[in-house]
Amino acid sequence: MTYSVERIRTDFPALRPRKDGTAPVYLDSACMSLVPDAVLAAMEEYYRDFPGCAGRSLHRFAEEVSHRYERARERLSEFVGLGDPRGIIFLRNATEALNLVGQGLPWKRRDRVVITDQEHNSNLVLWQRLAEERGILIDVLHLPEGDGFDREALEVLLKPETRLVSLFQTSNLDGRSLPIGEIAEQVHAHGTQLLVDGCQAAPHVPVDLRKLGVDYYAVSAHKMMGPTGTGFLAAPFDRLLGLRPLLSGGETVEWSTLSGHALRPPPHRFEAGLQNYAGVLGTGAAVEYLSHLGLEEITSHDRALNARVTRALEGESRVKRLGPDDPSRRPTIYAFAIEGVNASDTALFLDAGHQVMVRSGRHCVHSWYDARGLEGNVRASFYAYNSTSDADALVRGVQELIERVPSKESKPPTGSTRKTPVARRGKRR
Ligand SMILES: Cc1ncc(COP(=O)(O)O)c(C=O)c1O
């Protein structure tokens with residue numbers, strides 16, 4: 001199939017042109033992606049045609065949803081190269097998946113976890129809480145500025161008490177990626193386990209967990225064209241046997257008496273209570289849609305868009321970009337600040353003046369910005385449905401803003417108060 005972004009865009013109702021003839025320019029897929037018709041249809045089909053609960057009742061609605069629910073599990077297992085549907089646990093998001101592993105491991109006091117200094121709060125606050133509650137120790141791996149990975153620095157942190165290394169595959173802050181396969185080898189050589197936050201990678205690149213040798217992989221499906229509030233943990237079956245479930249309740253037990261119970265094997269012991277069936281079926285449809293587009297094709301599409309923006313803004317001395325210089329090493333994200341312009345104002349200006357939706361702030365990696373004395377920045381993120389005209393709209397918006405707001409060097413006339421172009425709408429994280 002040839003990759004036609006014009007055709008792909010017709011699958012996304014949110015991208016349809018509005019009454020004034022303009023189409024939204026959605027460059028915030030790293031926060032949440034848009035959903036295609038196929039996902040909406042899968043969810044609607046559930047509510048319209050077989051709105052039952054899986055795994056409990058024996059009637060036809062229940063049978064149908066049970067079958068489709070498990071089929072979605074199989075699809076996800078294939079999608080991330082796990083090859084065993086029993087290793088897929090449906091959850092609300094990657095945050096819950098990371099918590100399931102963190103809270104579920106049998107920690108002893110003074111056991112250690114290694115994280116990087118560029119983790120999303122989902123992969124930071126959890127460990128701080130476990131440090132307080134269970135006495136674990138956190139070691140922070142400082143990543144080289146911009147790009148690269150320091151194997152020696154990790155080696156120093158891998159101590160006999162290190163039970164887990166937990167890090168991102170692709171950063172939501174600047175789009176850089178870590179060499180997960182090599183890290184898994186290094187970590188395993190010390191008898192330590194590896195938890196990977198796959199939130200920003202799984203939607204964009206082919207993932208083969210068996211090849212990578214990852215122990216636990218956390219994903220949010222709402223960043224990969226799935227419905228909101230859906231995600232999953234992927235892990236080899238034997239790893240799941242070592243985790244204590246986060247929640248207890250219906251569907252998790254083989255039997256119970258007034259004084260005890262026996263847990264079902266994974267994955268069911270981790271899916272307590274009635275599940276988000278529409279969401280899971282929507283996730284299954286999302287994965288099918290992505291596989292149909294082709295992950296390799298999506299990667300090269302992201303790359304081309306990012307290269308286009310990078311090239312166009314290269315000459316703008318007031319644009320300060322984060323992450324690797326080479327856009328192909330951060331294909332999904334163009335993170336930047338305009339010197340002399342607040343990041344939230346930039347985002348508001350792009351939205352109001354150019355229909356360009358981006359994210360601004362500190363992207364849930366507060367410590368990284370604090371360590372560099374930065375207030376935050378703007379993040380444009382690309383996905384399969386973005387067109388070159390989306391990229392060009394971003395560039396035009398940034399260039400116009402630069403022209404409109406003079407830099408500190410070009411002093412405003414005495415007495416004038418330089419105003420940022422749009423009023424503040426509120427603080428974002
Ligand atoms: C790298 C990374 N990890 C974790 C998360 C948390 O994802 P969620 O809020 O869907 O659980 C995000 C969300 O932006 C992210 O980008």
# chains A, B, ... in the order shown; residues from 1 in each chain; ligands from 1

$ residues_around --residues "Lys211 of chain A" --least-positions-apart "3" --cutoff "12 Å" --atoms "only C-alpha atoms" --output "PDB file with N, CA and C atoms, in the first residue's frame"
ATOM      1  N   VAL A  80       3.129  -5.942  19.805  1.00  0.00           N
ATOM      2  CA  VAL A  80       4.377  -5.618  20.514  1.00  0.00           C
ATOM      3  C   VAL A  80       5.364  -6.783  20.505  1.00  0.00           C
ATOM      4  N   GLY A  81       5.079  -7.814  19.704  1.00  0.00           N
ATOM      5  CA  GLY A  81       6.025  -8.919  19.540  1.00  0.00           C
ATOM      6  C   GLY A  81       6.202  -9.754  20.801  1.00  0.00           C
ATOM      7  N   LEU A  82       5.127  -9.878  21.580  1.00  0.00           N
ATOM      8  CA  LEU A  82       5.231 -10.660  22.813  1.00  0.00           C
ATOM      9  C   LEU A  82       5.002 -12.142  22.519  1.00  0.00           C
ATOM     10  N   GLY A  83       4.075 -12.396  21.597  1.00  0.00           N
ATOM     11  CA  GLY A  83       3.819 -13.777  21.196  1.00  0.00           C
ATOM     12  C   GLY A  83       3.097 -14.595  22.255  1.00  0.00           C
ATOM     13  N   ILE A 180      17.198   0.429  23.781  1.00  0.00           N
ATOM     14  CA  ILE A 180      16.577  -0.483  24.747  1.00  0.00           C
ATOM     15  C   ILE A 180      17.179  -1.902  24.702  1.00  0.00           C
ATOM     16  N   GLY A 181      17.438  -2.408  23.500  1.00  0.00           N
ATOM     17  CA  GLY A 181      17.996  -3.767  23.381  1.00  0.00           C
ATOM     18  C   GLY A 181      19.327  -3.874  24.123  1.00  0.00           C
ATOM     19  N   GLU A 182      20.210  -2.897  23.907  1.00  0.00           N
ATOM     20  CA  GLU A 182      21.530  -2.916  24.572  1.00  0.00           C
ATOM     21  C   GLU A 182      21.377  -2.752  26.077  1.00  0.00           C
ATOM     22  N   ALA A 184      18.830  -3.625  27.873  1.00  0.00           N
ATOM     23  CA  ALA A 184      18.278  -4.871  28.440  1.00  0.00           C
ATOM     24  C   ALA A 184      19.407  -5.876  28.680  1.00  0.00           C
ATOM     25  N   GLU A 185      20.316  -5.987  27.714  1.00  0.00           N
ATOM     26  CA  GLU A 185      21.434  -6.933  27.864  1.00  0.00           C
ATOM     27  C   GLU A 185      22.298  -6.574  29.064  1.00  0.00           C
ATOM     28  N   PRO A 206       8.023  -0.087  15.098  1.00  0.00           N
ATOM     29  CA  PRO A 206       7.724  -1.497  15.383  1.00  0.00           C
ATOM     30  C   PRO A 206       8.409  -1.909  16.694  1.00  0.00           C
ATOM     31  N   VAL A 207       7.688  -2.598  17.543  1.00  0.00           N
ATOM     32  CA  VAL A 207       8.262  -3.041  18.821  1.00  0.00           C
ATOM     33  C   VAL A 207       8.250  -4.568  18.850  1.00  0.00           C
ATOM     34  N   ASP A 208       9.430  -5.135  19.157  1.00  0.00           N
ATOM     35  CA  ASP A 208       9.530  -6.587  19.246  1.00  0.00           C
ATOM     36  C   ASP A 208      10.080  -6.922  20.631  1.00  0.00           C
ATOM     37  N   VAL A 214      12.819  -7.133  26.925  1.00  0.00           N
ATOM     38  CA  VAL A 214      12.289  -6.265  27.993  1.00  0.00           C
ATOM     39  C   VAL A 214      11.444  -7.112  28.960  1.00  0.00           C
ATOM     40  N   ASP A 215      11.522  -6.800  30.252  1.00  0.00           N
ATOM     41  CA  ASP A 215      10.753  -7.574  31.233  1.00  0.00           C
ATOM     42  C   ASP A 215       9.328  -7.069  31.381  1.00  0.00           C
TER      43      ASP A 215
END

$ select_by_dssp --residues "segment 11-171 of chain A" --states "strand (DSSP E)" --output "ChimeraX atom specification"
/A:25-26,88-91,112-116,137-141,162-168

$ write_last_selection --atoms "C-alpha atoms" --output "PDB file, in the first residue's frame"
ATOM      1  CA  VAL A  25      -3.712  21.345  12.614  1.00  0.00           C
ATOM      2  CA  TYR A  26      -3.285  18.814  15.386  1.00  0.00           C
ATOM      3  CA  ILE A  88      -1.149  -8.515  28.032  1.00  0.00           C
ATOM      4  CA  ILE A  89      -3.009  -6.804  30.889  1.00  0.00           C
ATOM      5  CA  PHE A  90      -5.634  -4.226  29.983  1.00  0.00           C
ATOM      6  CA  LEU A  91      -5.366  -1.091  32.095  1.00  0.00           C
ATOM      7  CA  ARG A 112      17.364  -0.062  44.540  1.00  0.00           C
ATOM      8  CA  VAL A 113      15.710   1.185  41.382  1.00  0.00           C
ATOM      9  CA  VAL A 114      17.479   3.113  38.592  1.00  0.00           C
ATOM     10  CA  ILE A 115      15.621   5.747  36.578  1.00  0.00           C
ATOM     11  CA  THR A 116      16.893   8.508  34.271  1.00  0.00           C
ATOM     12  CA  LEU A 137      16.457   3.683  47.174  1.00  0.00           C
ATOM     13  CA  ILE A 138      16.381   5.575  43.886  1.00  0.00           C
ATOM     14  CA  ASP A 139      19.474   6.043  41.712  1.00  0.00           C
ATOM     15  CA  VAL A 140      19.258   8.620  38.941  1.00  0.00           C
ATOM     16  CA  LEU A 141      21.087   8.097  35.673  1.00  0.00           C
ATOM     17  CA  THR A 162      19.455  -2.965  42.154  1.00  0.00           C
ATOM     18  CA  ARG A 163      16.242  -4.849  41.442  1.00  0.00           C
ATOM     19  CA  LEU A 164      14.900  -2.794  38.577  1.00  0.00           C
ATOM     20  CA  VAL A 165      15.878  -0.282  35.910  1.00  0.00           C
ATOM     21  CA  SER A 166      12.905   1.759  34.729  1.00  0.00           C
ATOM     22  CA  LEU A 167      13.246   4.148  31.821  1.00  0.00           C
ATOM     23  CA  PHE A 168      11.600   5.543  28.714  1.00  0.00           C
TER      24      PHE A 168
END

$ residues_around --residues "segment 278-292 of chain A" --least-positions-apart "6" --cutoff "10 Å" --atoms "only C-alpha atoms" --output "number ranges by chain"
A: 1, 35-47, 51, 65, 68-76, 78-80, 90-92, 203-204, 206, 220-222, 224-232, 298, 384

$ residues_near_ligand --ligand "ligand 1" --cutoff "9 Å" --atoms "only C-alpha atoms and all ligand atoms" --output "ChimeraX atom specification"
/A:30-32,92-98,119-123,167-173,197-201,218-223,228-231,363-364

$ atom_distance --atom1 "atom CA of Arg109 of chain A" --atom2 "atom CA of Ala131 of chain A"
8.7 Å
